[in-house]
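Trainee: This is my_file_26.csv (CSV, C-alpha atoms and all ligand atoms).
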```csv
chain,number,residue,atom,x,y,z
A,1,MET,CA,-52.7,193.0,201.7
A,2,THR,CA,-52.0,196.5,200.5
A,3,GLN,CA,-50.5,196.9,197.1
A,4,ALA,CA,-47.4,198.9,196.5
A,5,PRO,CA,-48.2,202.1,194.6
A,6,ASP,CA,-46.9,202.1,191.0
A,7,LEU,CA,-44.4,205.0,191.0
A,8,ALA,CA,-43.3,204.6,187.4
A,9,PRO,CA,-44.8,207.5,185.4
A,10,PRO,CA,-47.0,206.4,182.5
A,11,PRO,CA,-45.3,206.3,179.1
A,12,THR,CA,-45.4,209.5,177.1
A,13,LEU,CA,-47.1,207.6,174.3
A,14,GLU,CA,-48.8,204.2,174.2
A,15,VAL,CA,-50.6,202.7,171.3
A,16,ARG,CA,-52.6,199.6,171.9
A,17,GLY,CA,-54.0,197.5,169.1
A,18,GLY,CA,-53.8,200.2,166.4
A,19,ARG,CA,-55.3,199.4,163.1
A,20,LYS,CA,-55.4,201.2,159.8
A,21,ASN,CA,-56.8,200.1,156.5
A,22,PHE,CA,-56.4,201.8,153.1
A,23,GLY,CA,-59.4,200.3,151.3
A,24,ALA,CA,-58.5,196.7,151.0
A,25,VAL,CA,-55.0,197.2,152.2
A,26,HIS,CA,-54.6,196.3,155.9
A,27,ALA,CA,-51.6,198.5,156.6
A,28,LEU,CA,-51.8,198.2,160.4
A,29,ARG,CA,-53.4,195.0,161.8
A,30,GLY,CA,-52.7,195.5,165.5
A,31,VAL,CA,-49.8,197.6,166.5
A,32,ASP,CA,-48.6,198.3,170.1
A,33,LEU,CA,-46.0,200.9,171.0
A,34,VAL,CA,-44.6,202.3,174.2
A,35,ALA,CA,-42.5,205.4,174.1
A,36,ARG,CA,-41.1,206.7,177.4
A,37,ALA,CA,-39.7,210.1,178.4
A,38,GLY,CA,-35.9,210.0,178.5
A,39,GLU,CA,-35.7,207.1,176.2
A,40,VAL,CA,-35.1,206.4,172.5
A,41,THR,CA,-37.5,203.9,171.2
A,42,ALA,CA,-36.5,202.4,167.8
A,43,LEU,CA,-39.3,201.5,165.4
A,44,VAL,CA,-38.0,198.9,162.9
A,45,GLY,CA,-39.4,196.6,160.3
A,46,ASP,CA,-39.0,195.7,156.7
A,47,ASN,CA,-40.2,197.8,153.8
A,48,GLY,CA,-44.0,198.0,153.9
A,49,ALA,CA,-44.2,196.8,157.5
A,50,GLY,CA,-46.2,199.8,158.4
A,51,LYS,CA,-43.7,202.1,160.2
A,52,SER,CA,-44.6,205.3,158.2
A,53,THR,CA,-48.3,204.6,158.5
A,54,MET,CA,-47.9,204.1,162.3
A,55,ILE,CA,-46.1,207.4,162.7
A,56,LYS,CA,-48.6,209.2,160.5
A,57,CYS,CA,-51.4,207.9,162.6
A,58,VAL,CA,-49.7,209.1,165.8
A,59,ALA,CA,-49.1,212.5,164.0
A,60,GLY,CA,-52.8,212.8,163.2
A,61,ILE,CA,-52.3,212.7,159.4
A,62,TYR,CA,-54.6,209.7,159.2
A,63,PRO,CA,-56.2,208.6,162.4
A,64,PHE,CA,-56.2,205.0,163.5
A,65,ASP,CA,-59.4,203.1,162.4
A,66,ALA,CA,-59.3,201.2,165.7
A,67,GLY,CA,-57.2,200.8,168.8
A,68,ASP,CA,-56.3,203.1,171.8
A,69,VAL,CA,-53.8,205.9,172.0
A,70,LEU,CA,-52.7,207.0,175.4
A,71,PHE,CA,-50.7,210.2,175.9
A,72,GLU,CA,-49.1,210.5,179.4
A,73,GLY,CA,-51.5,207.9,180.6
A,74,GLN,CA,-54.7,209.5,179.3
A,75,THR,CA,-56.7,208.1,176.4
A,76,THR,CA,-56.7,210.6,173.6
A,77,HIS,CA,-57.9,211.0,170.0
A,78,ILE,CA,-55.5,212.5,167.6
A,79,SER,CA,-57.5,213.4,164.6
A,80,SER,CA,-55.3,216.1,163.0
A,81,PRO,CA,-51.7,217.3,163.0
A,82,ALA,CA,-52.9,220.3,165.1
A,83,ASP,CA,-54.1,217.8,167.8
A,84,ALA,CA,-50.7,216.1,167.8
A,85,ASN,CA,-48.8,219.4,168.0
A,86,GLU,CA,-51.0,220.5,170.9
A,87,LEU,CA,-50.1,217.4,172.8
A,88,GLY,CA,-46.4,218.0,172.2
A,89,ILE,CA,-45.9,215.5,169.4
A,90,GLU,CA,-43.5,216.6,166.6
A,91,VAL,CA,-42.5,214.5,163.6
A,92,VAL,CA,-39.4,215.0,161.5
A,93,TYR,CA,-40.2,213.4,158.2
A,94,GLN,CA,-37.6,211.9,155.9
A,95,ASP,CA,-37.9,214.6,153.3
A,96,LEU,CA,-37.5,217.2,156.1
A,97,ALA,CA,-39.8,219.7,154.4
A,98,LEU,CA,-37.2,222.5,154.7
A,99,CYS,CA,-37.3,225.6,152.4
A,100,ASP,CA,-33.9,225.9,150.7
A,101,ASN,CA,-34.4,229.6,150.0
A,102,LEU,CA,-34.9,230.5,153.6
A,103,ASP,CA,-32.4,230.8,156.4
A,104,ILE,CA,-32.2,228.5,159.5
A,105,VAL,CA,-34.2,230.8,161.7
A,106,HIS,CA,-37.1,231.1,159.2
A,107,ASN,CA,-37.1,227.4,158.6
A,108,MET,CA,-37.3,226.7,162.3
A,109,PHE,CA,-40.3,228.9,162.6
A,110,LEU,CA,-41.9,228.0,159.3
A,111,GLY,CA,-45.7,228.4,159.5
A,112,ARG,CA,-45.5,229.3,163.2
A,113,GLU,CA,-43.6,232.6,162.9
A,114,LEU,CA,-43.4,234.9,165.9
A,115,LYS,CA,-45.0,238.3,165.2
A,116,LYS,CA,-44.8,241.7,166.7
A,117,GLY,CA,-47.9,243.6,165.5
A,118,PHE,CA,-48.1,242.9,161.8
A,119,ARG,CA,-44.3,242.3,161.4
A,120,LEU,CA,-42.2,239.3,162.0
A,121,ASP,CA,-40.4,239.4,165.3
A,122,GLU,CA,-37.0,238.6,163.8
A,123,SER,CA,-34.9,239.2,166.9
A,124,ALA,CA,-37.2,237.0,169.1
A,125,MET,CA,-37.1,234.2,166.5
A,126,GLU,CA,-33.3,234.5,166.2
A,127,THR,CA,-32.7,234.5,169.9
A,128,ARG,CA,-35.0,231.5,170.4
A,129,ALA,CA,-33.5,229.6,167.5
A,130,ALA,CA,-30.0,230.2,168.8
A,131,GLU,CA,-31.0,229.1,172.3
A,132,VAL,CA,-32.5,225.8,171.0
A,133,LEU,CA,-29.4,225.1,168.8
A,134,ALA,CA,-27.2,225.8,171.8
A,135,SER,CA,-29.2,223.7,174.1
A,136,LEU,CA,-28.8,220.8,171.7
A,137,SER,CA,-25.0,221.5,171.6
A,138,VAL,CA,-25.2,222.1,167.8
A,139,ARG,CA,-22.0,223.8,166.9
A,140,THR,CA,-21.5,222.8,163.3
A,141,VAL,CA,-23.6,225.6,161.7
A,142,ARG,CA,-21.7,228.8,160.9
A,143,SER,CA,-24.6,231.2,161.1
A,144,ILE,CA,-28.2,230.8,161.9
A,145,ARG,CA,-28.9,233.3,159.1
A,146,GLN,CA,-27.4,230.9,156.6
A,147,HIS,CA,-29.7,229.7,153.8
A,148,VAL,CA,-30.6,226.0,154.3
A,149,ALA,CA,-29.6,225.3,150.7
A,150,SER,CA,-25.9,225.8,151.7
A,151,LEU,CA,-26.1,223.2,154.6
A,152,SER,CA,-24.8,219.6,154.5
A,153,GLY,CA,-27.3,216.7,154.8
A,154,GLY,CA,-26.4,216.3,158.5
A,155,GLN,CA,-26.8,220.0,159.2
A,156,ARG,CA,-30.2,220.0,157.4
A,157,GLN,CA,-31.3,217.1,159.6
A,158,THR,CA,-30.1,219.0,162.7
A,159,VAL,CA,-32.2,222.1,161.7
A,160,ALA,CA,-35.3,219.9,161.2
A,161,ILE,CA,-34.8,218.2,164.6
A,162,ALA,CA,-34.2,221.6,166.3
A,163,ARG,CA,-37.4,222.8,164.7
A,164,ALA,CA,-39.2,219.9,166.3
A,165,VAL,CA,-38.0,220.6,169.8
A,166,LEU,CA,-38.7,224.4,169.6
A,167,TRP,CA,-42.3,223.9,170.6
A,168,ASN,CA,-42.1,222.4,174.1
A,169,SER,CA,-42.4,219.0,172.5
A,170,LYS,CA,-42.7,215.9,174.6
A,171,LEU,CA,-42.5,213.3,171.9
A,172,VAL,CA,-40.3,213.6,168.8
A,173,ILE,CA,-40.6,211.1,166.1
A,174,LEU,CA,-37.7,210.9,163.6
A,175,ASP,CA,-38.3,209.0,160.3
A,176,GLU,CA,-34.9,207.6,159.1
A,177,PRO,CA,-32.9,210.6,160.1
A,178,THR,CA,-29.5,209.1,159.0
A,179,ALA,CA,-30.6,207.4,155.8
A,180,ALA,CA,-28.9,209.8,153.5
A,181,LEU,CA,-25.9,210.7,155.7
A,182,GLY,CA,-22.2,209.8,155.7
A,183,VAL,CA,-20.4,208.2,158.7
A,184,ALA,CA,-19.4,211.5,160.5
A,185,GLN,CA,-22.8,213.1,160.0
A,186,THR,CA,-24.6,210.0,161.1
A,187,GLU,CA,-22.6,210.1,164.3
A,188,GLN,CA,-23.5,213.7,164.9
A,189,VAL,CA,-27.2,213.1,164.3
A,190,LEU,CA,-27.2,210.1,166.6
A,191,GLN,CA,-25.6,212.1,169.3
A,192,LEU,CA,-28.3,214.7,168.9
A,193,VAL,CA,-31.0,212.0,169.1
A,194,ARG,CA,-29.4,210.8,172.3
A,195,ARG,CA,-29.3,214.3,173.7
A,196,LEU,CA,-33.0,214.8,173.0
A,197,ALA,CA,-33.8,211.8,175.1
A,198,ASP,CA,-31.3,212.8,177.8
A,199,ALA,CA,-33.1,216.1,178.0
A,200,GLY,CA,-36.2,214.2,179.0
A,201,LEU,CA,-38.1,213.9,175.7
A,202,ALA,CA,-39.5,210.6,174.4
A,203,VAL,CA,-37.9,209.9,171.1
A,204,VAL,CA,-39.2,207.4,168.5
A,205,LEU,CA,-36.5,206.6,165.9
A,206,VAL,CA,-37.7,204.9,162.7
A,207,SER,CA,-34.6,203.2,161.2
A,208,HIS,CA,-33.5,200.4,159.0
A,209,ASN,CA,-29.9,200.7,160.3
A,210,MET,CA,-29.1,198.2,163.1
A,211,ASN,CA,-25.9,200.0,163.9
A,212,ASP,CA,-27.9,203.2,164.6
A,213,VAL,CA,-30.6,201.3,166.5
A,214,PHE,CA,-28.1,199.5,168.8
A,215,GLU,CA,-26.1,202.6,169.3
A,216,VAL,CA,-28.9,204.9,170.6
A,217,ALA,CA,-32.1,203.0,171.3
A,218,ASP,CA,-33.1,202.0,174.8
A,219,SER,CA,-36.0,199.9,173.5
A,220,ILE,CA,-36.7,198.3,170.1
A,221,ASN,CA,-40.2,197.9,168.6
A,222,VAL,CA,-40.4,195.6,165.6
A,223,LEU,CA,-43.2,195.7,163.1
A,224,TYR,CA,-43.9,192.7,160.9
A,225,LEU,CA,-46.6,192.9,158.1
A,226,GLY,CA,-48.6,195.6,159.9
A,227,GLN,CA,-48.4,193.9,163.4
A,228,THR,CA,-46.1,194.4,166.4
A,229,ALA,CA,-43.9,191.4,166.6
A,230,ALA,CA,-42.2,192.6,169.8
A,231,GLN,CA,-40.9,195.5,171.9
A,232,ILE,CA,-37.7,194.6,173.6
A,233,ARG,CA,-35.2,196.4,175.8
A,234,THR,CA,-32.1,196.8,173.7
A,235,LYS,CA,-29.8,195.4,176.4
A,236,ASP,CA,-31.9,192.2,176.4
A,237,THR,CA,-31.7,191.4,172.8
A,238,SER,CA,-29.2,191.0,169.9
A,239,ARG,CA,-28.9,192.1,166.3
A,240,MET,CA,-29.6,188.5,165.2
A,241,GLU,CA,-32.8,188.3,167.2
A,242,VAL,CA,-34.0,191.7,165.9
A,243,ILE,CA,-33.2,190.7,162.3
A,244,GLU,CA,-35.1,187.5,162.9
A,245,LEU,CA,-38.1,189.4,164.2
A,246,ILE,CA,-38.0,191.8,161.2
A,247,THR,CA,-37.8,189.0,158.7
A,248,SER,CA,-40.1,186.4,160.2
A,249,GLY,CA,-42.1,188.1,162.9
A,250,SER,CA,-40.9,185.8,165.6
A,251,ALA,CA,-37.8,184.8,167.4
A,252,GLY,CA,-36.6,182.5,170.1
A,253,MET,CA,-38.1,183.7,173.4
A,254,PRO,CA,-35.4,185.6,175.2
A,255,ALA,CA,-35.0,185.4,179.0
A,256,GLY,CA,-37.7,187.3,180.8
A,257,ALA,CA,-40.0,187.2,177.8
A,258,VAL,CA,-43.7,187.0,178.3
A,259,ALA,CA,-45.6,184.5,176.0
A,260,PRO,CA,-48.2,186.2,173.8
A,261,ARG,CA,-51.8,185.7,174.7
A,262,PRO,CA,-54.2,184.9,171.9
A,263,SER,CA,-56.7,187.7,171.5
A,264,PRO,CA,-60.2,186.6,170.7
A,265,ASP,CA,-61.1,189.9,169.1
A,266,ALA,CA,-58.1,190.0,166.9
A,267,PRO,CA,-57.0,186.5,166.0
A,268,GLU,CA,-54.1,187.6,163.9
A,269,ARG,CA,-52.9,190.2,166.4
A,270,ALA,CA,-49.2,189.6,167.2
A,271,THR,CA,-48.6,190.9,170.6
A,272,ARG,CA,-49.6,193.1,173.4
A,273,VAL,CA,-46.5,195.0,174.3
A,274,ALA,CA,-45.9,194.6,178.0
A,275,SER,CA,-46.6,198.2,178.5
A,276,ALA,CA,-48.5,197.9,181.7
A,277,THR,CA,-45.5,196.3,183.3
A,278,ALA,CA,-42.9,198.1,181.3
A,279,THR,CA,-40.7,200.3,183.4
A,280,THR,CA,-37.0,200.7,182.9
A,281,SER,CA,-36.7,197.3,184.4
A,282,ASP,CA,-35.9,194.2,182.5
A,283,ALA,CA,-39.2,192.4,182.2
A,284,THR,CA,-40.5,194.3,179.3
A,285,THR,CA,-40.2,191.9,176.5
A,286,THR,CA,-43.0,190.3,174.7
A,287,THR,CA,-42.6,188.5,171.5
A,288,ASN,CA,-44.9,187.1,168.9
A,289,GLY,CA,-44.5,183.4,169.2
A,290,SER,CA,-46.3,182.6,166.0
A,291,THR,CA,-45.6,183.7,162.4
A,292,SER,CA,-48.6,185.2,160.7
A,293,ALA,CA,-49.0,186.2,157.2
B,301,LIG,N1,-51.9,206.1,151.4
B,301,LIG,C1,-51.8,204.7,151.2
B,301,LIG,N2,-52.8,204.1,150.5
B,301,LIG,C2,-52.7,202.8,150.3
B,301,LIG,N3,-51.8,202.0,150.8
B,301,LIG,C3,-50.9,202.5,151.6
B,301,LIG,C4,-50.8,203.9,151.9
B,301,LIG,N4,-49.8,204.2,152.7
B,301,LIG,C5,-49.2,203.0,152.9
B,301,LIG,N5,-49.9,202.0,152.3
B,301,LIG,C6,-49.5,200.6,152.4
B,301,LIG,O1,-49.4,200.2,153.7
B,301,LIG,C7,-48.4,199.3,153.9
B,301,LIG,C8,-47.4,199.9,154.9
B,301,LIG,O2,-46.7,201.0,154.3
B,301,LIG,P1,-45.7,201.9,155.1
B,301,LIG,O3,-45.3,203.0,154.2
B,301,LIG,O4,-46.3,202.3,156.4
B,301,LIG,O5,-44.4,201.0,155.3
B,301,LIG,P2,-43.0,201.3,155.9
B,301,LIG,O6,-42.8,200.3,157.0
B,301,LIG,O7,-42.9,202.7,156.3
B,301,LIG,O8,-42.1,200.9,154.7
B,301,LIG,P3,-40.7,201.6,154.3
B,301,LIG,O9,-39.6,200.9,155.1
B,301,LIG,O10,-40.6,201.1,152.8
B,301,LIG,O11,-40.8,203.1,154.4
B,301,LIG,C9,-47.8,199.0,152.6
B,301,LIG,O12,-48.3,197.9,152.1
B,301,LIG,C10,-48.2,200.2,151.8
B,301,LIG,O13,-48.3,199.9,150.4
B,302,MG,MG,-41.7,204.3,155.5
```
Could you write out this structure as structure tokens?

Mentor:
Amino acid sequence: MTQAPDLAPPPTLEVRGGRKNFGAVHALRGVDLVARAGEVTALVGDNGAGKSTMIKCVAGIYPFDAGDVLFEGQTTHISSPADANELGIEVVYQDLALCDNLDIVHNMFLGRELKKGFRLDESAMETRAAEVLASLSVRTVRSIRQHVASLSGGQRQTVAIARAVLWNSKLVILDEPTAALGVAQTEQVLQLVRRLADAGLAVVLVSHNMNDVFEVADSINVLYLGQTAAQIRTKDTSRMEVIELITSGSAGMPAGAVAPRPSPDAPERATRVASATATTSDATTTTNGSTSA
């Protein structure tokens, strides 16, 4: 019998069994993540669950101690931020790292300025910055030569996100982009997040906010005490279930769920995200059936 070819492209990023210790602290004890092009994947979990550590490992700030990272289906080792950038991974950290005394253009090219001989190529940077902002339908900034200090929180977030997509990025990771924003600005940033995915990027959205998650995410990955409790399609789950997973690491098995297999090499490992079978179809859910501490 011939097998039908698997036509689904591999995920942009896949983490399998990622582990990270800081001395005696087991920050990540078996994390699995699948982030697909064209989708927003939310990464949720309680304080200290390991979300920031996970994204820093993917960004090459501290490499995983164990586990596999696949980028576009290829096993890869990300051991520095430069490695991550080279693959097309960009992270927008919560503090944004923008320079208040510089304008939008200079912030977008910070550390990677375009040069013409020994001078900055101001007009090329300005043109490119304007193109990127226009491509993201950003219309709320008055001038791209405005100093960042004069921008609202939502506009600052927009500049940081635009900076991340300037570099032919394939995966953009956003750490709590709406945490400090009001209602209208949150809406603008969420629309921008959605547009990034609609433009074909894989987006990972770290968030505590269930409204944000259910508004924009296609898939939700829940971390619990340094382990992946589940990655579920948003349309197949509910806020109640996600909150249960966040607080206890387990939930009633939803329809289509795959029971977790105990792993001999990692007894406390929560799940294997059903990445191998995950497509945009429904059968992508795995949940952690047991609560671990
Ligand atoms: N550099 C570090 N050295 C030692 N322990 C660390 C370090 N970074 C994180 N940890 C520990 O790892 C665990 C996970 O932390 P992490 O910051 O990843 O959580 P988080 O899910 O991002 O939480 P929050 O929602 O509060 O941002 C915590 O117990 C934390 O104390
Ligand atoms: Mg964090």

Trainee: Would you kindly return, as a PyMOL selection string, each protein, DNA or RNA residue with an atom no farther than 9 Å from any atom of A:Ala82, considering only C-alpha atoms and excluding same-chain residues fewer than 5 positions away?

Mentor: chain A and resi 59-60+87

Trainee: Which residues sit within 10 Å of ligand MG 302 (chain B), counting all atoms listed in the file, listed as a list in words?

Mentor: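 Checking all atoms listed in the file against ligand MG 302 (chain B) at 10 Å gives Val44, Gly45, Asp46, Asn47, Gly48, Ala49, Gly50, Lys51, Ser52, Thr53, Met54, Ile55, Lys56, Tyr93, Gln94, Asp175, Glu176, Val206, Ser207 and His208 of chain A.
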
Trainee: Grab the residues selected above and save them as a short mmCIF file (atom, residue, chain, number, x, y, z; two decimals), in the coordinates of the input with C-alpha atoms.

Mentor:
```cif
data_model
loop_
_atom_site.label_atom_id
_atom_site.label_comp_id
_atom_site.auth_asym_id
_atom_site.auth_seq_id
_atom_site.Cartn_x
_atom_site.Cartn_y
_atom_site.Cartn_z
CA VAL A 44 -38.00 198.90 162.90
CA GLY A 45 -39.40 196.60 160.30
CA ASP A 46 -39.00 195.70 156.70
CA ASN A 47 -40.20 197.80 153.80
CA GLY A 48 -44.00 198.00 153.90
CA ALA A 49 -44.20 196.80 157.50
CA GLY A 50 -46.20 199.80 158.40
CA LYS A 51 -43.70 202.10 160.20
CA SER A 52 -44.60 205.30 158.20
CA THR A 53 -48.30 204.60 158.50
CA MET A 54 -47.90 204.10 162.30
CA ILE A 55 -46.10 207.40 162.70
CA LYS A 56 -48.60 209.20 160.50
CA TYR A 93 -40.20 213.40 158.20
CA GLN A 94 -37.60 211.90 155.90
CA ASP A 175 -38.30 209.00 160.30
CA GLU A 176 -34.90 207.60 159.10
CA VAL A 206 -37.70 204.90 162.70
CA SER A 207 -34.60 203.20 161.20
CA HIS A 208 -33.50 200.40 159.00
#
```

Trainee: Give the answer as one residue: which of A:Ser79, A:Asn168, A:Thr228, A:Thr12 has the shortest atom-to-atom distance to ligand LIG 301 (chain B), using only C-alpha atoms and all ligand atoms?

Mentor: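 Comparing A:Ser79, A:Asn168, A:Thr228, A:Thr12 against ligand LIG 301 (chain B), the winner is A:Thr228.
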
Trainee: Can you pull out every residue within 7 Å of stretch 185-202 of chain A, counting only C-alpha atoms, but drop anything in the same chain fewer than 6 positions away, and send it as number ranges by chain?

Mentor: A: 12, 35-40, 136, 154, 158, 170-172, 178, 216

Trainee: Of the candidates A:Ile104, A:Ala84, A:Ala66, A:Leu43, which shows the shortest atom-to-atom distance to ligand LIG 301 (chain B), using only C-alpha atoms and all ligand atoms?

Mentor: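 Smallest separation from ligand LIG 301 (chain B) among the options: A:Leu43.
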
Trainee: Which is closer to A:Cys57 than all the others in A:Gly23, A:Pro10, A:Pro81, A:Gly111, using only C-alpha atoms?

Mentor: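 Between A:Gly23, A:Pro10, A:Pro81, A:Gly111, the residue approaching A:Cys57 most closely is A:Pro81.
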
Trainee: For a quick check of understanding, using all atoms listed in the file, which of A:Arg119, A:Gly67, A:Ala162, A:Tyr62 has the smallest distance to ligand LIG 301 (chain B)?

Mentor: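 Result for the nearest residue to ligand LIG 301 (chain B): A:Tyr62.
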
Trainee: Return the single residue from A:Val91, A:Val222, A:Val242, A:Leu7 that is closest to ligand LIG 301 (chain B), with distances computed using all atoms listed in the file.

Mentor: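 Among the listed residues, A:Val222 lies closest to ligand LIG 301 (chain B).
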
Trainee: Can you measure atom CA of A:Gly18 to atom CA of A:Ile161 for me? One decimal in Å is fine.

Mentor: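 Those two atoms sit 26.2 Å apart.
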
Trainee: What does the distance from atom CA of A:Ala8 to atom CA of A:Glu90 come to in Å, to one decimal?

Mentor: 24.0 Å

Trainee: Could you please determine the separation between atom CA of A:Ala149 and atom CA of A:Gly117 in Å, to one decimal place?

Mentor: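 Going from atom CA of A:Ala149 over to atom CA of A:Gly117 covers 29.8 Å.
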
Trainee: Within 12 Å of stretch 129-132 of chain A, counting only C-alpha atoms, which residues qualify if same-chain residues fewer than 6 places away don't, as a PyMOL selection string?

Mentor: chain A and resi 103-110+113-114+122-123+138-139+141-145+158-168+196+199

Trainee: Quick one: residues within 6 Å of A:Val204, only C-alpha atoms, excluding same-chain residues fewer than 4 positions away - as an MDAnalysis selection string?

Mentor: chainID A and resid 40:42 173

Trainee: Please save C-alpha atoms of the selected residues as a compact mmCIF listing (two decimals), keeping the file's coordinate frame.

Mentor:
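File result_10.txt, as written:
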```txt
# COMPACT_ATOMS: atom_id res chain seq x y z
CA VAL A 40 -35.10 206.40 172.50
CA THR A 41 -37.50 203.90 171.20
CA ALA A 42 -36.50 202.40 167.80
CA ILE A 173 -40.60 211.10 166.10
```

Trainee: Of the residues A:Met125, A:Leu245, A:Leu70, A:Leu151, which is the one nearest to A:Ala229, using only C-alpha atoms?

Mentor: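 Among A:Met125, A:Leu245, A:Leu70, A:Leu151, it is A:Leu245 that comes nearest to A:Ala229.
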
Trainee: Around the point (-52.4, 201.7, 174.7) in the file's coordinates, collect all residues with an atom within 12 Å, using all atoms listed in the file, and return them as a ChimeraX atom specification.

Mentor: /A:10-18,30-35,58,66-77,272-276

Trainee: Atoms to include: C-alpha atoms. Write the selected residues as a compact mmCIF listing (two decimals), in the coordinates of the input.

Mentor:
```
# COMPACT_ATOMS: atom_id res chain seq x y z
CA PRO A 10 -47.00 206.40 182.50
CA PRO A 11 -45.30 206.30 179.10
CA THR A 12 -45.40 209.50 177.10
CA LEU A 13 -47.10 207.60 174.30
CA GLU A 14 -48.80 204.20 174.20
CA VAL A 15 -50.60 202.70 171.30
CA ARG A 16 -52.60 199.60 171.90
CA GLY A 17 -54.00 197.50 169.10
CA GLY A 18 -53.80 200.20 166.40
CA GLY A 30 -52.70 195.50 165.50
CA VAL A 31 -49.80 197.60 166.50
CA ASP A 32 -48.60 198.30 170.10
CA LEU A 33 -46.00 200.90 171.00
CA VAL A 34 -44.60 202.30 174.20
CA ALA A 35 -42.50 205.40 174.10
CA VAL A 58 -49.70 209.10 165.80
CA ALA A 66 -59.30 201.20 165.70
CA GLY A 67 -57.20 200.80 168.80
CA ASP A 68 -56.30 203.10 171.80
CA VAL A 69 -53.80 205.90 172.00
CA LEU A 70 -52.70 207.00 175.40
CA PHE A 71 -50.70 210.20 175.90
CA GLU A 72 -49.10 210.50 179.40
CA GLY A 73 -51.50 207.90 180.60
CA GLN A 74 -54.70 209.50 179.30
CA THR A 75 -56.70 208.10 176.40
CA THR A 76 -56.70 210.60 173.60
CA HIS A 77 -57.90 211.00 170.00
CA ARG A 272 -49.60 193.10 173.40
CA VAL A 273 -46.50 195.00 174.30
CA ALA A 274 -45.90 194.60 178.00
CA SER A 275 -46.60 198.20 178.50
CA ALA A 276 -48.50 197.90 181.70
```
